[in-house]
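See below for the structure under consideration.
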Amino acid sequence: MSEDSYQQLLVLDERIELRVKAIRNENDWWLCKRGCDHCCRHLASPPELSRLEWMRIDEAVAALNISARSEIKKKINLLLMQIASNNMPKYIVCPYLDEDSGSCLIYDARPIICRIYGYFVARDGDFYCKFIETEVLSRFG
Ligand code: SF4
């Protein structure tokens with residue numbers, strides 16, 4: 001990836017992180033944080049990411065140990081087969097999730113959508129965290 005584009009991605013990460021921190025500082029009950037894996041286990045569709053995000057993920061995966069890499073590859077292959085046979089499950093478990101620990105194996109390289117998903121209350125297409133919506137509505141109506 002070009003140095004300039006990568007820097008732009010880092011700037012975006014940083015801006016998101018600042019906004020996320022501000023939300024969390026004002027609302028210590030906010031549910032979305034490292035360790036909450038509900039959305040990682042309930043993807044509505046395979047993620048559509050920018051080329052730069054995919055490249056960053058590829059680099060992060062390449063740095064994992066061989067067993068983690070092969071597990072991810074197995075899950076992606078299964079997903080590709082399900083897509084090809086038009087036999088998708090209702091929800092997709094993200095192939096980058098360690099399902100036992102509930103942690104993201106590529107956390108520092110996770111896509112922008114993963115960084116922001118739990119920080120908005122409504123979004124086109126109904127793609128947002130319903131737990132956050134419930135909390136926000138109950139607190140701020
Ligand atoms: S990339 Fe990581 S944070 Fe994003 S859905 Fe997958 S496991 Fe969750």
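How things are named: the first chain in the structure tokens is A, the next is B, and so on; residues count from 1 in each chain; ligands count from 1 in the order shown.
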What residues have any atom no more than 10 Å from ligand 1 when counting only C-alpha atoms and all ligand atoms, and can you list them as an MDAnalysis selection string?
chainID A and resid 33:43 46:47 57 92:99 102:117
Requested write-out: C-alpha atoms of the selected residues, as a PDB file, in the first residue's frame:
ATOM      1  CA  LYS A  33     -15.922  -2.093  23.524  1.00  0.00           C
ATOM      2  CA  ARG A  34     -13.219  -4.646  22.981  1.00  0.00           C
ATOM      3  CA  GLY A  35     -14.567  -7.996  24.135  1.00  0.00           C
ATOM      4  CA  CYS A  36     -18.159  -7.450  22.997  1.00  0.00           C
ATOM      5  CA  ASP A  37     -18.369  -9.761  20.020  1.00  0.00           C
ATOM      6  CA  HIS A  38     -22.098  -9.857  19.322  1.00  0.00           C
ATOM      7  CA  CYS A  39     -21.867  -8.012  16.006  1.00  0.00           C
ATOM      8  CA  CYS A  40     -18.813 -10.092  14.981  1.00  0.00           C
ATOM      9  CA  ARG A  41     -21.031 -13.184  15.315  1.00  0.00           C
ATOM     10  CA  HIS A  42     -23.986 -11.684  13.488  1.00  0.00           C
ATOM     11  CA  LEU A  43     -22.774 -10.135  10.240  1.00  0.00           C
ATOM     12  CA  PRO A  46     -19.686 -10.449   4.035  1.00  0.00           C
ATOM     13  CA  PRO A  47     -17.981  -7.110   4.639  1.00  0.00           C
ATOM     14  CA  ILE A  57      -6.007  -7.071   7.002  1.00  0.00           C
ATOM     15  CA  ILE A  92     -22.255 -14.824   9.291  1.00  0.00           C
ATOM     16  CA  VAL A  93     -19.634 -15.256  11.978  1.00  0.00           C
ATOM     17  CA  CYS A  94     -16.679 -13.117  10.993  1.00  0.00           C
ATOM     18  CA  PRO A  95     -13.774 -15.341   9.899  1.00  0.00           C
ATOM     19  CA  TYR A  96     -11.385 -13.090  11.837  1.00  0.00           C
ATOM     20  CA  LEU A  97     -13.090 -13.752  15.161  1.00  0.00           C
ATOM     21  CA  ASP A  98     -11.502 -16.187  17.595  1.00  0.00           C
ATOM     22  CA  GLU A  99     -14.767 -17.854  18.489  1.00  0.00           C
ATOM     23  CA  GLY A 102     -14.537 -13.810  21.429  1.00  0.00           C
ATOM     24  CA  SER A 103     -11.607 -11.630  20.435  1.00  0.00           C
ATOM     25  CA  CYS A 104     -10.777 -10.172  17.058  1.00  0.00           C
ATOM     26  CA  LEU A 105      -7.589 -11.742  15.710  1.00  0.00           C
ATOM     27  CA  ILE A 106      -6.792  -8.654  13.659  1.00  0.00           C
ATOM     28  CA  TYR A 107      -8.016  -6.026  16.128  1.00  0.00           C
ATOM     29  CA  ASP A 108      -5.477  -3.323  15.264  1.00  0.00           C
ATOM     30  CA  ALA A 109      -6.188  -3.829  11.563  1.00  0.00           C
ATOM     31  CA  ARG A 110      -9.945  -4.208  11.870  1.00  0.00           C
ATOM     32  CA  PRO A 111     -12.037  -2.414   9.258  1.00  0.00           C
ATOM     33  CA  ILE A 112     -13.491   1.052   9.708  1.00  0.00           C
ATOM     34  CA  ILE A 113     -17.002  -0.393   9.999  1.00  0.00           C
ATOM     35  CA  CYS A 114     -15.918  -2.466  13.010  1.00  0.00           C
ATOM     36  CA  ARG A 115     -14.504   0.664  14.647  1.00  0.00           C
ATOM     37  CA  ILE A 116     -17.717   2.650  14.260  1.00  0.00           C
ATOM     38  CA  TYR A 117     -20.524   0.075  14.202  1.00  0.00           C
TER      39      TYR A 117
END
Name all residues at most 10 Å from A:Glu135 (count only C-alpha atoms; drop same-chain ones fewer than 4 positions away) and give them as an MDAnalysis selection string.
chainID A and resid 29:31 121 130:131 139:141
From a backbone DSSP assignment, name each residue in stretch 40-88 of chain A labelled helix (DSSP H, G or I), as an MDAnalysis selection string.
chainID A and resid 40:41 51:62 66:84
Can you write just those residues out, N, CA, C and O atoms, as a tab-separated table (two decimals), in the first residue's frame?
chain	number	residue	atom	x	y	z
A	40	CYS	N	-19.76	-9.25	15.74
A	40	CYS	CA	-18.81	-10.09	14.98
A	40	CYS	C	-19.43	-11.46	14.68
A	40	CYS	O	-19.04	-12.12	13.73
A	41	ARG	N	-20.39	-11.87	15.50
A	41	ARG	CA	-21.03	-13.18	15.32
A	41	ARG	C	-22.33	-13.08	14.52
A	41	ARG	O	-22.99	-14.07	14.28
A	51	ARG	N	-9.91	-1.32	-0.73
A	51	ARG	CA	-8.71	-2.11	-1.05
A	51	ARG	C	-7.65	-1.94	0.06
A	51	ARG	O	-7.00	-2.88	0.48
A	52	LEU	N	-7.56	-0.72	0.54
A	52	LEU	CA	-6.56	-0.43	1.58
A	52	LEU	C	-6.85	-1.20	2.87
A	52	LEU	O	-5.94	-1.72	3.52
A	53	GLU	N	-8.12	-1.27	3.21
A	53	GLU	CA	-8.48	-2.03	4.42
A	53	GLU	C	-8.15	-3.51	4.24
A	53	GLU	O	-7.65	-4.16	5.15
A	54	TRP	N	-8.47	-4.05	3.05
A	54	TRP	CA	-8.14	-5.47	2.80
A	54	TRP	C	-6.64	-5.69	2.88
A	54	TRP	O	-6.18	-6.70	3.42
A	55	MET	N	-5.87	-4.75	2.33
A	55	MET	CA	-4.41	-4.92	2.35
A	55	MET	C	-3.90	-4.91	3.79
A	55	MET	O	-3.04	-5.70	4.17
A	56	ARG	N	-4.47	-4.03	4.59
A	56	ARG	CA	-4.04	-3.98	5.99
A	56	ARG	C	-4.41	-5.28	6.71
A	56	ARG	O	-3.64	-5.80	7.51
A	57	ILE	N	-5.60	-5.80	6.40
A	57	ILE	CA	-6.01	-7.07	7.00
A	57	ILE	C	-5.06	-8.19	6.56
A	57	ILE	O	-4.63	-9.01	7.38
A	58	ASP	N	-4.75	-8.23	5.27
A	58	ASP	CA	-3.84	-9.28	4.77
A	58	ASP	C	-2.51	-9.25	5.52
A	58	ASP	O	-1.97	-10.29	5.87
A	59	GLU	N	-2.02	-8.05	5.75
A	59	GLU	CA	-0.74	-7.93	6.48
A	59	GLU	C	-0.88	-8.45	7.90
A	59	GLU	O	-0.01	-9.14	8.42
A	60	ALA	N	-2.01	-8.12	8.53
A	60	ALA	CA	-2.23	-8.56	9.92
A	60	ALA	C	-2.37	-10.08	9.97
A	60	ALA	O	-1.84	-10.73	10.87
A	61	VAL	N	-3.07	-10.64	8.99
A	61	VAL	CA	-3.25	-12.10	8.96
A	61	VAL	C	-1.89	-12.78	8.74
A	61	VAL	O	-1.58	-13.78	9.39
A	62	ALA	N	-1.09	-12.20	7.86
A	62	ALA	CA	0.22	-12.79	7.57
A	62	ALA	C	1.10	-12.83	8.82
A	62	ALA	O	2.00	-13.67	8.93
A	66	ILE	N	0.56	-19.91	12.36
A	66	ILE	CA	0.08	-20.75	11.26
A	66	ILE	C	-1.29	-21.35	11.54
A	66	ILE	O	-2.13	-21.47	10.65
A	67	SER	N	-1.54	-21.69	12.81
A	67	SER	CA	-2.84	-22.32	13.09
A	67	SER	C	-3.97	-21.29	12.97
A	67	SER	O	-5.04	-21.60	12.44
A	68	ALA	N	-3.74	-20.08	13.42
A	68	ALA	CA	-4.76	-19.03	13.27
A	68	ALA	C	-4.99	-18.74	11.79
A	68	ALA	O	-6.14	-18.58	11.33
A	69	ARG	N	-3.90	-18.67	11.03
A	69	ARG	CA	-4.02	-18.38	9.59
A	69	ARG	C	-4.82	-19.48	8.89
A	69	ARG	O	-5.68	-19.21	8.07
A	70	SER	N	-4.54	-20.72	9.27
A	70	SER	CA	-5.23	-21.79	8.55
A	70	SER	C	-6.70	-21.86	8.96
A	70	SER	O	-7.57	-22.18	8.15
A	71	GLU	N	-7.00	-21.51	10.21
A	71	GLU	CA	-8.41	-21.47	10.65
A	71	GLU	C	-9.16	-20.39	9.88
A	71	GLU	O	-10.29	-20.60	9.41
A	72	ILE	N	-8.54	-19.22	9.72
A	72	ILE	CA	-9.17	-18.13	8.98
A	72	ILE	C	-9.41	-18.55	7.52
A	72	ILE	O	-10.49	-18.35	6.96
A	73	LYS	N	-8.40	-19.19	6.94
A	73	LYS	CA	-8.51	-19.62	5.54
A	73	LYS	C	-9.67	-20.60	5.39
A	73	LYS	O	-10.45	-20.51	4.44
A	74	LYS	N	-9.77	-21.53	6.33
A	74	LYS	CA	-10.85	-22.53	6.29
A	74	LYS	C	-12.22	-21.84	6.32
A	74	LYS	O	-13.11	-22.16	5.55
A	75	LYS	N	-12.35	-20.86	7.22
A	75	LYS	CA	-13.63	-20.17	7.36
A	75	LYS	C	-13.96	-19.34	6.11
A	75	LYS	O	-15.11	-19.28	5.69
A	76	ILE	N	-12.94	-18.72	5.53
A	76	ILE	CA	-13.19	-17.91	4.33
A	76	ILE	C	-13.58	-18.83	3.17
A	76	ILE	O	-14.51	-18.53	2.41
A	77	ASN	N	-12.92	-19.97	3.07
A	77	ASN	CA	-13.26	-20.92	1.99
A	77	ASN	C	-14.70	-21.41	2.14
A	77	ASN	O	-15.44	-21.51	1.16
A	78	LEU	N	-15.09	-21.69	3.38
A	78	LEU	CA	-16.47	-22.13	3.63
A	78	LEU	C	-17.45	-21.03	3.21
A	78	LEU	O	-18.46	-21.28	2.54
A	79	LEU	N	-17.11	-19.82	3.59
A	79	LEU	CA	-17.96	-18.67	3.25
A	79	LEU	C	-18.08	-18.52	1.73
A	79	LEU	O	-19.18	-18.31	1.19
A	80	LEU	N	-16.96	-18.67	1.04
A	80	LEU	CA	-16.98	-18.55	-0.43
A	80	LEU	C	-17.85	-19.65	-1.05
A	80	LEU	O	-18.59	-19.40	-2.01
A	81	MET	N	-17.78	-20.85	-0.47
A	81	MET	CA	-18.62	-21.95	-0.98
A	81	MET	C	-20.09	-21.65	-0.75
A	81	MET	O	-20.94	-21.90	-1.60
A	82	GLN	N	-20.39	-21.10	0.42
A	82	GLN	CA	-21.79	-20.76	0.74
A	82	GLN	C	-22.29	-19.68	-0.20
A	82	GLN	O	-23.44	-19.72	-0.65
A	83	ILE	N	-21.43	-18.71	-0.50
A	83	ILE	CA	-21.83	-17.64	-1.43
A	83	ILE	C	-22.07	-18.23	-2.81
A	83	ILE	O	-23.09	-17.98	-3.45
A	84	ALA	N	-21.13	-19.08	-3.27
A	84	ALA	CA	-21.23	-19.66	-4.62
A	84	ALA	C	-22.47	-20.52	-4.76
A	84	ALA	O	-23.09	-20.56	-5.82
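Closest to A:Phe120 among A:Leu9, A:Thr134, A:Arg15, A:Pro89 is A:Thr134, based on only C-alpha atoms.
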Could you please write out, as a ChimeraX atom specification, every residue of chain A that DSSP assigns to strand (DSSP E)?
/A:97-98,103-104
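As for atom CA of A:Arg24 and atom CA of A:Gln8, they are spaced 24.2 Å apart.
Counting from atom CA of A:Asp124, the distance to atom CA of A:Arg19 is 20.6 Å.
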Would you work out the distance separating atom CA of A:Leu18 from atom CA of A:Asp4, expressed in Å to one decimal?
21.1 Å
